[in-house]
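*Asks:* File name model_29.cif; file contents mmCIF, C-alpha atoms; full text below.
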data_run
loop_
_atom_site.label_atom_id
_atom_site.label_comp_id
_atom_site.auth_asym_id
_atom_site.auth_seq_id
_atom_site.Cartn_x
_atom_site.Cartn_y
_atom_site.Cartn_z
CA MET A 483 -0.91 -16.68 -29.99
CA ASP A 484 -3.26 -14.47 -27.97
CA LYS A 485 -0.70 -11.65 -27.96
CA PHE A 486 -0.26 -11.84 -31.73
CA ARG A 487 -4.03 -11.92 -32.18
CA LEU A 488 -4.39 -8.81 -30.01
CA ILE A 489 -1.66 -7.01 -31.96
CA PHE A 490 -3.30 -7.97 -35.27
CA GLN A 491 -6.69 -6.76 -34.07
CA PHE A 492 -5.14 -3.50 -32.87
CA LEU A 493 -3.52 -2.91 -36.25
CA GLN A 494 -6.77 -3.66 -38.04
CA SER A 495 -8.72 -1.22 -35.87
CA ASN A 496 -6.05 1.50 -36.12
CA GLN A 497 -5.02 1.30 -39.77
CA GLU A 498 -4.54 5.05 -40.14
CA SER A 499 -2.23 5.23 -37.13
CA PHE A 500 -0.39 2.14 -38.30
CA MET A 501 0.23 3.54 -41.79
CA ASN A 502 1.35 6.88 -40.35
CA GLY A 503 3.81 4.98 -38.20
CA VAL A 504 5.10 3.04 -41.22
CA CYS A 505 5.61 6.30 -43.13
CA GLY A 506 7.45 7.79 -40.19
CA LEU A 507 9.70 4.74 -39.90
CA LEU A 508 10.49 4.86 -43.63
CA ALA A 509 11.34 8.56 -43.39
CA LEU A 510 13.58 7.94 -40.38
CA ALA A 511 15.20 4.98 -42.14
CA SER A 512 15.93 7.06 -45.25
CA ALA A 513 17.71 9.71 -43.16
CA GLN A 514 19.66 7.07 -41.22
CA ILE A 515 20.68 5.26 -44.41
CA TYR A 516 22.04 8.46 -45.93
CA SER A 517 23.93 9.38 -42.76
CA ALA A 518 25.48 5.89 -42.64
CA PHE A 519 26.25 5.90 -46.37
CA GLU A 520 29.80 7.04 -47.17
CA PHE A 521 29.47 8.99 -50.40
CA THR A 522 32.59 8.86 -52.58
CA CYS A 523 32.58 10.74 -55.86
CA PRO A 524 34.46 8.97 -58.70
CA CYS A 525 35.96 12.32 -59.86
CA LEU A 526 36.23 11.02 -63.42
CA VAL A 527 35.09 12.70 -66.60
CA GLY A 528 31.73 11.27 -67.68
CA TYR A 529 31.11 9.41 -64.40
CA ASN A 530 30.35 12.20 -61.92
CA LEU A 531 26.98 13.20 -63.39
CA PRO A 532 25.36 9.72 -63.65
CA TYR A 533 26.74 8.65 -60.26
CA GLY A 534 25.54 11.77 -58.45
CA LEU A 535 22.12 11.72 -60.11
CA ALA A 536 21.73 8.01 -59.36
CA ILE A 537 22.27 8.65 -55.62
CA LEU A 538 19.78 11.51 -55.83
CA ALA A 539 17.04 9.70 -57.77
CA LEU A 540 17.20 5.92 -57.30
CA PRO A 541 16.78 5.65 -53.49
CA PRO A 542 13.73 8.00 -53.48
CA LEU A 543 12.17 5.91 -56.24
CA LEU A 544 12.73 2.69 -54.28
CA LEU A 545 11.40 4.27 -51.09
CA PHE A 546 8.32 5.49 -52.95
CA LEU A 547 7.60 2.04 -54.36
CA LEU A 548 8.19 0.47 -50.95
CA GLY A 549 5.85 2.93 -49.25
CA PHE A 550 3.23 2.33 -51.92
CA VAL A 551 3.46 -1.46 -51.67
CA LEU A 552 3.33 -1.47 -47.86
CA ASN A 553 0.11 0.53 -47.88
CA ASN A 554 -2.77 -1.73 -46.87
CA ASN A 555 -5.20 0.15 -49.11
CA VAL A 556 -3.59 -1.08 -52.34
CA SER A 557 -5.59 -4.31 -52.45
CA VAL A 558 -8.78 -2.46 -51.49
CA LEU A 559 -8.23 0.07 -54.26
CA VAL A 560 -7.59 -2.65 -56.86
CA GLU A 561 -10.65 -4.62 -55.79
CA GLU A 562 -12.83 -1.51 -55.90
CA TRP A 563 -11.55 -0.66 -59.37
CA ARG A 564 -11.96 -4.17 -60.83
CA ARG A 565 -15.24 -5.20 -59.24
CA PRO A 566 -18.45 -5.25 -61.30
CA GLU A 567 -20.79 -2.40 -60.49
CA GLY A 568 -23.75 -4.48 -59.36
CA ARG A 569 -26.17 -2.61 -57.11
CA ARG A 570 -23.54 -0.12 -55.96
CA ALA A 571 -22.08 2.06 -58.67
CA LYS A 572 -18.41 2.92 -58.61
CA ASP A 573 -17.69 6.33 -57.14
CA ALA A 574 -14.66 8.05 -58.67
CA ARG A 575 -14.38 10.28 -55.60
CA VAL A 576 -13.76 7.26 -53.37
CA LEU A 577 -11.01 5.98 -55.66
CA ARG A 578 -9.49 9.46 -55.91
CA TYR A 579 -9.53 9.87 -52.14
CA MET A 580 -7.84 6.53 -51.55
CA LEU A 581 -5.23 7.09 -54.27
CA CYS A 582 -4.33 10.56 -52.97
CA SER A 583 -4.05 9.22 -49.44
CA MET A 584 -1.72 6.44 -50.57
CA LEU A 585 0.44 8.81 -52.62
CA GLN A 586 0.78 11.28 -49.76
CA ARG A 587 2.05 8.60 -47.41
CA ALA A 588 4.36 7.04 -50.01
CA LEU A 589 5.99 10.41 -50.77
CA VAL A 590 7.09 11.13 -47.19
CA ALA A 591 10.29 9.03 -47.19
CA PRO A 592 11.45 10.11 -50.71
CA ILE A 593 10.98 13.77 -49.80
CA VAL A 594 13.03 13.29 -46.64
CA TRP A 595 15.81 11.62 -48.67
CA LEU A 596 15.83 14.43 -51.25
CA GLY A 597 15.82 17.07 -48.51
CA VAL A 598 18.73 15.52 -46.62
CA THR A 599 20.69 14.92 -49.83
CA LEU A 600 20.21 18.38 -51.34
CA LEU A 601 20.86 20.19 -48.08
CA ASP A 602 24.05 18.19 -47.60
CA GLY A 603 25.12 18.96 -51.18
CA LYS A 604 27.72 16.22 -51.74
CA CYS A 605 25.79 14.47 -54.51
CA PHE A 606 25.01 17.76 -56.25
CA VAL A 607 28.67 18.86 -56.09
CA CYS A 608 29.75 15.56 -57.59
CA ALA A 609 27.10 15.53 -60.30
CA PHE A 610 27.54 19.06 -61.60
CA SER A 611 31.22 19.78 -61.02
CA GLU A 612 31.99 19.16 -64.71
CA ARG A 613 29.37 21.69 -65.77
CA LEU A 614 30.72 24.42 -63.52
CA ASP A 615 31.59 27.72 -65.18
CA PRO A 616 35.03 28.86 -63.85
CA ARG A 617 34.07 32.49 -64.48
CA ALA A 618 31.38 32.19 -61.76
CA LEU A 619 34.16 31.56 -59.24
CA GLY A 620 36.37 34.41 -60.37
CA ALA A 621 39.07 32.00 -61.51
CA ASN A 622 42.16 33.20 -63.32
CA LEU A 623 41.25 32.29 -66.88
CA SER A 624 44.80 32.69 -68.12
CA ALA A 625 45.94 29.97 -65.70
CA LEU A 626 43.29 27.47 -66.84
CA PRO A 627 44.14 24.67 -69.26
CA LEU A 628 43.49 25.67 -72.85
CA ALA A 629 42.43 22.19 -73.98
CA PRO A 630 38.73 21.44 -73.26
CA ALA A 631 39.59 17.88 -72.23
CA GLU A 632 42.09 19.12 -69.64
CA LEU A 633 39.61 21.65 -68.29
CA ARG A 634 36.91 18.98 -67.93
CA ARG A 635 39.38 16.71 -66.14
CA LEU A 636 40.22 19.54 -63.75
CA LEU A 637 36.54 20.29 -63.06
CA ALA A 638 35.70 16.61 -62.60
CA ALA A 639 38.44 16.31 -59.95
CA LEU A 640 37.10 19.22 -57.85
CA PRO A 641 35.02 17.05 -55.44
CA CYS A 642 38.14 15.05 -54.49
CA GLN A 643 40.45 16.93 -52.18
CA ASP A 644 43.47 14.71 -52.79
CA LEU A 645 43.33 15.29 -56.57
CA ILE A 646 43.40 19.11 -56.44
CA SER A 647 46.56 20.93 -55.46
CA GLN A 648 46.53 24.14 -53.47
CA SER A 649 48.05 26.02 -56.43
CA ALA A 650 45.28 24.98 -58.85
CA ALA A 651 43.70 27.68 -61.01
CA ILE A 652 40.27 26.93 -59.49
CA SER A 653 39.69 27.00 -55.75
CA ARG A 654 38.17 23.69 -54.67
CA GLU A 655 36.58 25.24 -51.57
CA ALA A 656 35.00 28.06 -53.60
CA ALA A 657 33.61 25.55 -56.10
CA ARG A 658 32.24 23.33 -53.33
CA ARG A 659 30.53 26.21 -51.56
CA TYR A 660 29.09 27.55 -54.81
CA LEU A 661 27.59 24.19 -55.79
CA CYS A 662 26.34 23.55 -52.24
CA CYS A 663 24.48 26.85 -52.35
CA LEU A 664 22.91 25.83 -55.66
CA SER A 665 21.97 22.43 -54.21
CA GLN A 666 20.29 23.97 -51.17
CA GLY A 667 18.55 26.48 -53.42
CA ARG A 668 17.08 23.62 -55.48
CA TRP A 669 15.54 22.29 -52.26
CA TRP A 670 14.13 25.60 -51.03
CA GLU A 671 12.65 26.72 -54.37
CA PRO A 672 9.78 24.15 -54.25
CA GLN A 673 9.17 25.08 -50.62
CA LYS A 674 8.67 28.72 -51.60
CA ALA A 675 6.33 27.70 -54.43
CA CYS A 676 4.30 25.46 -52.09
CA LYS A 677 4.08 28.25 -49.55
CA ALA A 678 2.84 30.68 -52.20
CA HIS A 679 0.13 28.28 -53.44
CA LEU A 680 -0.74 26.72 -50.07
CA PRO A 681 -4.06 28.61 -49.66
CA ASP A 682 -5.25 27.48 -53.11
CA VAL A 683 -4.22 23.89 -52.38
CA LEU A 684 -6.05 23.88 -49.05
CA LEU A 685 -9.19 25.32 -50.60
CA GLY A 686 -9.07 22.77 -53.39
CA SER A 687 -8.59 19.89 -50.97
CA LEU A 688 -11.49 21.12 -48.84
CA HIS A 689 -13.66 21.32 -51.93
CA LEU A 690 -12.74 17.78 -53.00
CA SER A 691 -13.27 16.34 -49.54
CA ALA A 692 -16.53 18.18 -48.89
CA PRO A 693 -18.74 15.10 -49.61
CA PHE A 694 -16.66 13.10 -47.10
CA PRO A 695 -16.59 14.63 -43.60
CA ASN A 696 -14.91 11.36 -42.53
CA PRO A 697 -12.70 9.05 -44.63
CA PRO A 698 -14.98 7.03 -46.92
CA THR A 699 -15.53 3.40 -46.11
CA LEU A 700 -16.28 0.71 -48.64
CA SER A 701 -19.15 -1.57 -47.84
#
Could you rewrite the structure in this file as structure tokens?

*Replies:*
Amino acid sequence: MDKFRLIFQFLQSNQESFMNGVCGLLALASAQIYSAFEFTCPCLVGYNLPYGLAILALPPLLLFLLGFVLNNNVSVLVEEWRRPEGRRAKDARVLRYMLCSMLQRALVAPIVWLGVTLLDGKCFVCAFSERLDPRALGANLSALPLAPAELRRLLAALPCQDLISQSAAISREAARRYLCCLSQGRWWEPQKACKAHLPDVLLGSLHLSAPFPNPPTLS
């Protein structure tokens, strides 16, 4: 019991370090889960897009909610918001500071999942293979199926190697590389935007945190 009491007291006195560790563990877990997950595209018309987007969007949402729930400041934030004012008026800056801190930590694991998924490209290739324009790959248009349903079936089968023959009108490898480049570009575009606006963001955060040289404490 004494060991557990010491551990509990340590976690209480080092809440910031503890929450940073939890965020790091969630980020590491998200990367490990994706590496252990064997992604298999259905390669069926009408199923590729919802399946690929579900793998892209649902795990980050669950990781975000988990990171938000595990944050020990949730109960403090709710109590501060619901309490009567009394002698101490509610300070919106305190609530804003706590909420931003919680959101920043909760977003770490989802961003890691999105980064690993988009850089890998398998989900993106599966999701958007049906919407691929064969002309972007330099395909022989005369050799393509004339019926739109046949063309969609051919495009939907591109992520599956065993469903595409070597003599197909569209090169599977060219389509995969093209969509992987688009997937990686979708990841790097926000990074470029953040880099361009980073000075403004830092100045704004310094302006908002000017009244609080240290993290605010509720008494």

*Asks:* Got a sec to resolve the PyMOL selection byres ((chain A and resi 549-563) around 8) on this structure and send the residues as a PyMOL selection string?

*Replies:* chain A and resi 501+505+508+545-548+564-565+572+577+580-581+584-585+587-589+591

*Asks:* Please write as a ChimeraX atom specification the full residue list that the PyMOL selection byres ((chain A and resi 662) around 8) yields on this file.

*Replies:* /A:601-604,606-607,658-661,663-666

*Asks:* Could you give me, as CSV, a per-residue list for region 547-660 of chain A showing, wherever an atom lies at most 6 Å from an atom of region 518-534 of chain A, the closest pair of atoms and their distance in Å to one decimal, using only C-alpha atoms and sorting by chain then residue number from low to high?

*Replies:*
residue,atom,partner,partner_atom,distance
A:Cys605,CA,A:Gly534,CA,4.8
A:Cys608,CA,A:Asn530,CA,5.5
A:Ala609,CA,A:Leu531,CA,3.9
A:Arg635,CA,A:Val527,CA,5.9
A:Ala638,CA,A:Cys525,CA,5.1
A:Ala639,CA,A:Cys525,CA,4.7

*Asks:* For the residues in that selection, give me C-alpha atoms as an mmCIF file, in the coordinates of the input.

*Replies:*
data_model
loop_
_atom_site.group_PDB
_atom_site.id
_atom_site.type_symbol
_atom_site.label_atom_id
_atom_site.label_comp_id
_atom_site.auth_asym_id
_atom_site.auth_seq_id
_atom_site.Cartn_x
_atom_site.Cartn_y
_atom_site.Cartn_z
ATOM 1 C CA CYS A 605 25.790 14.470 -54.510
ATOM 2 C CA CYS A 608 29.750 15.560 -57.590
ATOM 3 C CA ALA A 609 27.100 15.530 -60.300
ATOM 4 C CA ARG A 635 39.380 16.710 -66.140
ATOM 5 C CA ALA A 638 35.700 16.610 -62.600
ATOM 6 C CA ALA A 639 38.440 16.310 -59.950
#

*Asks:* Counting all atoms listed in the file, what is within 8 Å of Ser512 (chain A), bar same-chain residues fewer than 2 positions away, as a PyMOL selection string?

*Replies:* chain A and resi 508-510+514-516+545+591-592+594-595

*Asks:* I need the residues from that last selection saved to file as a PDB file, in the frame of the given file (with C-alpha atoms), if you can.

*Replies:*
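Resulting contents of selection_36.pdb:
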ATOM      1  CA  LEU A 508      10.490   4.860 -43.630  1.00  0.00           C
ATOM      2  CA  ALA A 509      11.340   8.560 -43.390  1.00  0.00           C
ATOM      3  CA  LEU A 510      13.580   7.940 -40.380  1.00  0.00           C
ATOM      4  CA  GLN A 514      19.660   7.070 -41.220  1.00  0.00           C
ATOM      5  CA  ILE A 515      20.680   5.260 -44.410  1.00  0.00           C
ATOM      6  CA  TYR A 516      22.040   8.460 -45.930  1.00  0.00           C
ATOM      7  CA  LEU A 545      11.400   4.270 -51.090  1.00  0.00           C
ATOM      8  CA  ALA A 591      10.290   9.030 -47.190  1.00  0.00           C
ATOM      9  CA  PRO A 592      11.450  10.110 -50.710  1.00  0.00           C
ATOM     10  CA  VAL A 594      13.030  13.290 -46.640  1.00  0.00           C
ATOM     11  CA  TRP A 595      15.810  11.620 -48.670  1.00  0.00           C
TER      12      TRP A 595
END

*Asks:* If you measure from CA of Leu535 (chain A) to CA of Ser611 (chain A), what distance in Å do you get, rounded to one decimal?

*Replies:* 12.2 Å

*Asks:* Would you work out the distance separating CA of Leu614 (chain A) from CA of Ala629 (chain A), expressed in Å to one decimal?

*Replies:*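 The value is 15.9 Å.
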
*Asks:* Mind pulling up the distance from CA of Phe610 (chain A) to CA of Gly667 (chain A)?

*Replies:*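 One can read the CA of Gly667 (chain A) to CA of Phe610 (chain A) distance as 14.2 Å.
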
*Asks:* Starting from the PyMOL selection byres ((chain A and resi 655) around 12), expand the selection into actual residues of this file and give them as a CSV table (one decimal) with C-alpha atoms, keeping the file's coordinate frame.

*Replies:*
chain,number,residue,atom,x,y,z
A,607,VAL,CA,28.7,18.9,-56.1
A,619,LEU,CA,34.2,31.6,-59.2
A,640,LEU,CA,37.1,19.2,-57.8
A,641,PRO,CA,35.0,17.0,-55.4
A,642,CYS,CA,38.1,15.0,-54.5
A,643,GLN,CA,40.4,16.9,-52.2
A,646,ILE,CA,43.4,19.1,-56.4
A,647,SER,CA,46.6,20.9,-55.5
A,648,GLN,CA,46.5,24.1,-53.5
A,650,ALA,CA,45.3,25.0,-58.8
A,652,ILE,CA,40.3,26.9,-59.5
A,653,SER,CA,39.7,27.0,-55.8
A,654,ARG,CA,38.2,23.7,-54.7
A,656,ALA,CA,35.0,28.1,-53.6
A,657,ALA,CA,33.6,25.6,-56.1
A,658,ARG,CA,32.2,23.3,-53.3
A,659,ARG,CA,30.5,26.2,-51.6
A,660,TYR,CA,29.1,27.6,-54.8
A,661,LEU,CA,27.6,24.2,-55.8
A,662,CYS,CA,26.3,23.6,-52.2
